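What follows is the content of model_25.pdb (PDB, C-alpha atoms).
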```
ATOM      1  CA  MET A  28       0.000   0.000   0.000
ATOM      2  CA  THR A  29       1.178   3.532  -0.772
ATOM      3  CA  TYR A  30       0.077   6.894   0.650
ATOM      4  CA  SER A  31       0.592  10.392  -0.721
ATOM      5  CA  GLU A  32       0.232  11.862   2.797
ATOM      6  CA  LEU A  33       1.347  10.450   6.137
ATOM      7  CA  PRO A  34      -1.697   8.782   7.787
ATOM      8  CA  ALA A  35      -2.906  10.091  11.135
ATOM      9  CA  GLY A  36      -1.147   8.636  14.157
ATOM     10  CA  TYR A  37       2.172   8.046  12.406
ATOM     11  CA  SER A  38       5.356   9.884  13.294
ATOM     12  CA  LEU A  39       9.010   9.707  12.290
ATOM     13  CA  LYS A  40      10.720   6.880  14.176
ATOM     14  CA  LYS A  41      14.192   7.064  12.609
ATOM     15  CA  THR A  42      16.148   7.614   9.440
ATOM     16  CA  ILE A  43      18.516   5.125   7.836
ATOM     17  CA  ASN A  44      21.429   6.715   6.012
ATOM     18  CA  LEU A  45      23.697   4.142   4.357
ATOM     19  CA  ARG A  46      25.893   6.857   2.870
ATOM     20  CA  LYS A  47      26.914   8.795   6.002
ATOM     21  CA  GLY A  48      24.964   7.478   8.978
ATOM     22  CA  LYS A  49      26.685   5.544  11.739
ATOM     23  CA  PRO A  50      27.033   2.553  12.039
ATOM     24  CA  TYR A  51      25.340   1.669   8.754
ATOM     25  CA  ALA A  52      27.674   3.569   6.404
ATOM     26  CA  PHE A  53      30.742   1.610   7.530
ATOM     27  CA  TRP A  54      29.052  -1.775   7.068
ATOM     28  CA  ALA A  55      27.579  -0.726   3.718
ATOM     29  CA  ALA A  56      30.999   0.422   2.446
ATOM     30  CA  LEU A  57      32.704  -2.768   3.675
ATOM     31  CA  LEU A  58      30.011  -4.956   2.100
ATOM     32  CA  ASN A  59      30.286  -2.988  -1.157
ATOM     33  CA  LEU A  60      34.052  -3.496  -1.307
ATOM     34  CA  VAL A  61      33.882  -7.206  -0.550
ATOM     35  CA  LEU A  62      31.139  -7.837  -3.126
ATOM     36  CA  CYS A  63      32.954  -5.787  -5.764
ATOM     37  CA  VAL A  64      36.168  -7.807  -5.336
ATOM     38  CA  LEU A  65      34.285 -11.141  -5.248
ATOM     39  CA  SER A  66      32.405 -10.184  -8.411
ATOM     40  CA  LEU A  67      35.611  -9.381 -10.295
ATOM     41  CA  TYR A  68      37.190 -12.606  -9.049
ATOM     42  CA  ALA A  69      34.183 -14.671 -10.204
ATOM     43  CA  LEU A  70      34.113 -12.972 -13.617
ATOM     44  CA  HIS A  71      37.754 -13.961 -14.115
ATOM     45  CA  PHE A  72      36.518 -17.552 -14.574
ATOM     46  CA  LEU A  73      34.270 -16.504 -17.483
ATOM     47  CA  VAL A  74      36.907 -14.469 -19.318
ATOM     48  CA  PRO A  75      40.429 -14.505 -17.868
ATOM     49  CA  VAL A  76      41.767 -11.129 -16.828
ATOM     50  CA  THR A  77      44.565 -11.611 -19.349
ATOM     51  CA  ALA A  78      42.013 -10.532 -21.988
ATOM     52  CA  ILE A  79      42.814  -6.906 -21.107
ATOM     53  CA  PHE A  80      46.420  -7.459 -22.187
ATOM     54  CA  GLU A  81      47.741  -7.721 -25.726
ATOM     55  CA  GLU A  82      49.446 -11.006 -26.586
ATOM     56  CA  LYS A  83      52.780 -10.663 -28.369
ATOM     57  CA  GLY A  84      54.950 -13.731 -28.841
ATOM     58  CA  GLY A  85      53.391 -15.642 -25.948
ATOM     59  CA  ASP A  86      53.764 -12.714 -23.533
ATOM     60  CA  TYR A  87      50.903 -10.570 -22.280
ATOM     61  CA  ILE A  88      51.594  -6.846 -22.458
ATOM     62  CA  LEU A  89      49.440  -4.005 -21.200
ATOM     63  CA  THR A  90      50.081  -1.113 -23.541
ATOM     64  CA  LEU A  91      49.277   2.481 -22.650
ATOM     65  CA  PRO A  92      46.797   2.950 -25.531
ATOM     66  CA  ARG A  93      44.908  -0.201 -24.533
ATOM     67  CA  LEU A  94      44.884   0.827 -20.868
ATOM     68  CA  LEU A  95      43.596   4.316 -21.724
ATOM     69  CA  LEU A  96      40.942   2.885 -24.036
ATOM     70  CA  ASP A  97      39.748   0.483 -21.324
ATOM     71  CA  LEU A  98      39.635   3.307 -18.755
ATOM     72  CA  VAL A  99      37.583   5.445 -21.156
ATOM     73  CA  TRP A 100      35.188   2.537 -21.740
ATOM     74  CA  ILE A 101      34.852   1.959 -17.996
ATOM     75  CA  PHE A 102      34.112   5.665 -17.439
ATOM     76  CA  VAL A 103      31.564   5.745 -20.291
ATOM     77  CA  GLY A 104      30.018   2.496 -19.039
ATOM     78  CA  LEU A 105      29.651   3.847 -15.505
ATOM     79  CA  LEU A 106      28.098   7.060 -16.821
ATOM     80  CA  ILE A 107      25.577   5.170 -18.967
ATOM     81  CA  TYR A 108      24.899   2.805 -16.066
ATOM     82  CA  ALA A 109      24.266   5.702 -13.657
ATOM     83  CA  VAL A 110      21.751   7.378 -15.959
ATOM     84  CA  ALA A 111      20.018   4.093 -16.853
ATOM     85  CA  HIS A 112      19.873   3.046 -13.190
ATOM     86  CA  LEU A 113      18.332   6.384 -12.185
ATOM     87  CA  VAL A 114      15.702   6.116 -14.927
ATOM     88  CA  LEU A 115      14.923   2.502 -13.995
ATOM     89  CA  LYS A 116      14.590   3.333 -10.302
ATOM     90  CA  GLY A 117      12.458   6.380 -11.179
ATOM     91  CA  LEU A 118      10.131   4.197 -13.253
ATOM     92  CA  PHE A 119       9.702   1.780 -10.352
ATOM     93  CA  LEU A 120       9.133   4.685  -7.933
ATOM     94  CA  LYS A 121       6.409   6.058 -10.201
ATOM     95  CA  ALA A 122       4.832   2.622 -10.763
ATOM     96  CA  LEU A 123       4.840   1.564  -7.104
ATOM     97  CA  GLY A 124       4.315   4.977  -5.498
ATOM     98  CA  GLY A 125       2.165   6.789  -8.004
ATOM     99  CA  MET A 126       4.024  10.060  -7.512
ATOM    100  CA  LYS A 127       6.589  11.868  -9.646
ATOM    101  CA  PRO A 128      10.138  10.917  -8.571
ATOM    102  CA  LYS A 129      12.765  13.509  -7.658
ATOM    103  CA  PHE A 130      16.268  13.079  -9.121
ATOM    104  CA  GLY A 131      19.464  14.543  -7.668
ATOM    105  CA  ILE A 132      23.215  14.381  -7.155
ATOM    106  CA  LYS A 133      25.173  14.899  -3.916
ATOM    107  CA  GLY A 134      28.910  14.768  -4.503
ATOM    108  CA  PHE A 135      29.603  11.440  -6.217
ATOM    109  CA  TYR A 136      26.286  10.038  -5.038
ATOM    110  CA  TYR A 137      23.306  10.140  -7.396
ATOM    111  CA  TYR A 138      19.823   9.397  -6.154
ATOM    112  CA  VAL A 139      16.134   9.304  -6.893
ATOM    113  CA  GLY A 140      13.522   9.878  -4.198
ATOM    114  CA  SER A 141       9.794  10.325  -3.729
ATOM    115  CA  ARG A 142       7.313  11.994  -1.400
ATOM    116  CA  ALA A 143       5.204   8.805  -1.214
ATOM    117  CA  TYR A 144       4.908   6.696   1.925
ATOM    118  CA  PHE A 145       5.290   2.951   1.255
ATOM    119  CA  SER A 146       4.239  -0.122   3.181
ATOM    120  CA  ARG A 147       7.097  -2.427   4.075
ATOM    121  CA  GLY A 148       6.374  -4.930   1.301
ATOM    122  CA  ARG A 149       6.176  -2.276  -1.421
ATOM    123  CA  TYR A 150       9.309  -0.572  -0.174
ATOM    124  CA  VAL A 151      11.277  -3.827  -0.267
ATOM    125  CA  LEU A 152      10.035  -4.343  -3.844
ATOM    126  CA  LEU A 153      11.123  -0.797  -4.686
ATOM    127  CA  ILE A 154      14.594  -1.476  -3.320
ATOM    128  CA  LEU A 155      15.176  -4.885  -4.920
ATOM    129  CA  LEU A 156      13.323  -4.919  -8.260
ATOM    130  CA  PRO A 157      15.367  -2.224 -10.054
ATOM    131  CA  GLU A 158      18.584  -3.896  -8.898
ATOM    132  CA  LEU A 159      17.475  -7.313 -10.163
ATOM    133  CA  VAL A 160      16.338  -5.947 -13.539
ATOM    134  CA  ALA A 161      19.647  -4.073 -13.952
ATOM    135  CA  GLU A 162      21.569  -7.214 -12.941
ATOM    136  CA  ALA A 163      19.766  -9.307 -15.569
ATOM    137  CA  LEU A 164      20.537  -6.703 -18.260
ATOM    138  CA  LEU A 165      24.210  -6.478 -17.283
ATOM    139  CA  ILE A 166      24.630 -10.264 -17.295
ATOM    140  CA  LEU A 167      23.004 -10.408 -20.730
ATOM    141  CA  LEU A 168      25.431  -7.769 -22.013
ATOM    142  CA  LEU A 169      28.402  -9.604 -20.502
ATOM    143  CA  LEU A 170      27.385 -12.785 -22.294
ATOM    144  CA  LEU A 171      26.599 -11.145 -25.651
ATOM    145  CA  LEU A 172      29.432  -8.656 -26.096
ATOM    146  CA  PRO A 173      32.774  -9.744 -27.574
ATOM    147  CA  PRO A 174      35.610 -10.611 -25.162
ATOM    148  CA  VAL A 175      37.431  -7.317 -25.827
ATOM    149  CA  CYS A 176      34.462  -5.463 -24.248
ATOM    150  CA  PHE A 177      34.115  -7.893 -21.353
ATOM    151  CA  TRP A 178      36.438  -6.388 -18.751
ATOM    152  CA  PRO A 179      35.372  -2.737 -19.066
ATOM    153  CA  LEU A 180      31.769  -3.922 -18.623
ATOM    154  CA  ALA A 181      32.877  -6.276 -15.823
ATOM    155  CA  PHE A 182      33.952  -3.250 -13.756
ATOM    156  CA  VAL A 183      30.515  -1.687 -14.296
ATOM    157  CA  HIS A 184      28.947  -5.000 -13.246
ATOM    158  CA  ALA A 185      31.134  -5.164 -10.121
ATOM    159  CA  PHE A 186      30.022  -1.634  -9.222
ATOM    160  CA  HIS A 187      26.407  -2.748  -9.636
ATOM    161  CA  ILE A 188      26.962  -5.838  -7.485
ATOM    162  CA  SER A 189      28.275  -3.570  -4.730
ATOM    163  CA  ARG A 190      25.059  -1.501  -5.012
ATOM    164  CA  ILE A 191      23.053  -4.701  -4.613
ATOM    165  CA  GLY A 192      24.918  -5.289  -1.354
ATOM    166  CA  THR A 193      23.749  -1.919  -0.086
ATOM    167  CA  SER A 194      20.186  -2.723  -1.154
ATOM    168  CA  LEU A 195      20.318  -6.064   0.659
ATOM    169  CA  LEU A 196      21.620  -4.397   3.826
ATOM    170  CA  LEU A 197      18.800  -1.831   3.649
ATOM    171  CA  THR A 198      16.268  -4.624   3.103
ATOM    172  CA  ILE A 199      17.513  -6.477   6.193
ATOM    173  CA  LEU A 200      17.223  -3.294   8.265
ATOM    174  CA  LEU A 201      13.686  -2.659   6.960
ATOM    175  CA  LEU A 202      12.499  -6.198   7.651
ATOM    176  CA  ARG A 203      13.388  -5.642  11.316
ATOM    177  CA  GLU A 204      10.794  -2.852  11.486
ATOM    178  CA  PRO A 205       7.151  -3.554  12.482
ATOM    179  CA  ASN A 206       4.821  -4.744   9.729
ATOM    180  CA  THR A 207       2.662  -1.606  10.165
ATOM    181  CA  ALA A 208       5.588   0.787   9.636
ATOM    182  CA  LEU A 209       5.657   3.127   6.622
ATOM    183  CA  PHE A 210       8.758   4.105   4.690
ATOM    184  CA  ARG A 211       9.717   7.085   2.584
ATOM    185  CA  ASN A 212      12.530   7.036   0.040
ATOM    186  CA  MET A 213      14.150  10.451   0.374
ATOM    187  CA  GLY A 214      17.000   9.735  -2.041
ATOM    188  CA  THR A 215      20.078   9.626   0.145
ATOM    189  CA  LEU A 216      18.258   8.177   3.148
ATOM    190  CA  SER A 217      15.166   6.210   4.138
ATOM    191  CA  ALA A 218      12.711   7.495   6.736
ATOM    192  CA  VAL A 219      10.800   5.055   8.935
ATOM    193  CA  PHE A 220       7.401   6.081  10.354
ATOM    194  CA  SER A 221       5.436   4.139  12.942
ATOM    195  CA  LYS A 222       2.275   4.510  15.020
TER
END
```
Just dump the structure as structure tokens.
Amino acid sequence: MTYSELPAGYSLKKTINLRKGKPYAFWAALLNLVLCVLSLYALHFLVPVTAIFEEKGGDYILTLPRLLLDLVWIFVGLLIYAVAHLVLKGLFLKALGGMKPKFGIKGFYYYVGSRAYFSRGRYVLLILLPELVAEALLILLLLLLPPVCFWPLAFVHAFHISRIGTSLLLTILLLREPNTALFRNMGTLSAVFSK
């Protein structure tokens, strides 16, 4: 269930800030790092990391032009991913909340929020569905693109996997709240309201 206004009898219980709030920010950052490294390690078994090197006479050499080209592709991939992820999350916010989403950037952190108040089940869907759809699309791209494109996209995928870790941590924190609680996605933080 979703509300455009806070129902009578509800008040702000707490806010969850996984970007700066203690102790959550530390655990979110640690989880992100671990998942990012594990993702890159696992992807090595699909396409060995030596694919980013040029083979010359049986030796693998990382040339400056190839390194710069890969870094440009990683940057472009992350930029496209950020915009696509914002749009995807905004579509889910609109579909599940019925209100126009608000987009923004704070430092290196981009976000999308809403003024809607969500039930716990809808809020968990809002957190996990965009991540799962993006994951499916990234895996499809990893499998379809040629090996030369694999590792630049693998870094984008590892970044996404780390975002999934943050979403899972937020989901665990939300599931500890009462079933009657309402939640508001304010972009950089989540507000919890209870009776």
Discussion item. Expand the PyMOL selection byres ((chain A and resi 161) around 9) into the explicit residue set it covers here, and present it as a list in words.
Written reply: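 Going through the file, the PyMOL selection byres ((chain A and resi 161) around 9) ends up selecting Tyr108, Ala111, His112, Leu115, Leu156, Pro157, Glu158, Leu159, Val160, Glu162, Ala163, Leu164, Leu165, Ile166 and His187 of chain A.
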Q.
Could you list, as a ChimeraX atom specification, every residue within 7 Å of Tyr30 of chain A, counting all atoms listed in the file and ignoring same-chain residues fewer than 4 positions away?
A. /A:143-145
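Using all atoms listed in the file for every distance, the candidate list A:Val175, A:Leu152, A:Arg190, A:Lys40 yields A:Val175 as the residue closest to Glu81 of chain A.
Going from atom CA of Asn59 of chain A over to atom CA of Leu105 of chain A, you cover 15.9 Å.
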- Query: Which one of A:Leu153, A:Ser194, A:Tyr136, A:Gly104 sits closest to Lys47 of chain A if you count all atoms listed in the file?
  - Reply: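 Result for the nearest residue to Lys47 of chain A: A:Tyr136.
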Just give me the residues with any atom within 12 Å of (32.9, -5.1, -20.5), file coordinates, counting only C-alpha atoms, written as a PyMOL selection string. chain A and resi 67+70-71+73-74+76+78-79+96-105+165-185
> Selected by the PyMOL selection byres ((chain A and resi 222) around 9) in the shown coordinates: which residues, as a PyMOL selection string?
Replying inline: chain A and resi 35-40+207-208+220-221
- request: Pull out every residue that the PyMOL selection byres ((chain A and resi 213) around 9) matches in the shown coordinates and put them as a list in words.
  value: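 Output of the PyMOL selection byres ((chain A and resi 213) around 9): Lys129, Tyr138, Val139, Gly140, Ser141, Arg142, Arg211, Asn212, Gly214, Thr215, Leu216, Ser217 and Ala218 of chain A.
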Report task. Measure the distance from atom CA of Lys127 of chain A to atom CA of Glu32 of chain A in Å and round it to one decimal. Result ->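 Those two atoms sit 14.0 Å apart.
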Closest of A:Phe72, A:Ile107, A:Ser31, A:Val219 to Gly125 of chain A, counting all atoms listed in the file, is A:Ser31
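Taking atom CA of Leu118 of chain A and atom CA of Thr193 of chain A as the two end points, the separation is 19.9 Å.
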Coordinates of box centre and edge lengths for segment 151-167 of chain A, 5 Å on every side, axis-aligned, as JSON:
```
{"center_x": 17.3, "center_y": -5.6, "center_z": -10.5, "size_x": 24.6, "size_y": 19.6, "size_z": 30.5}
```
- Query: With all atoms listed in the file as the atoms that count, which of A:Ala56, A:Leu113, A:Leu123, A:Val61 lies nearest to Met28 of chain A?
  - Reply: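 Residue with the minimum atom-to-atom distance to Met28 of chain A: A:Leu123.
In this comparison, which uses all atoms listed in the file, the residue of A:Phe119, A:Phe186, A:Tyr51, A:Phe130 approaching Val64 of chain A most closely is A:Phe186.
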For Leu195 of chain A, the closest of A:Val151, A:Leu89, A:Leu120, A:Leu209 counting only C-alpha atoms is A:Val151
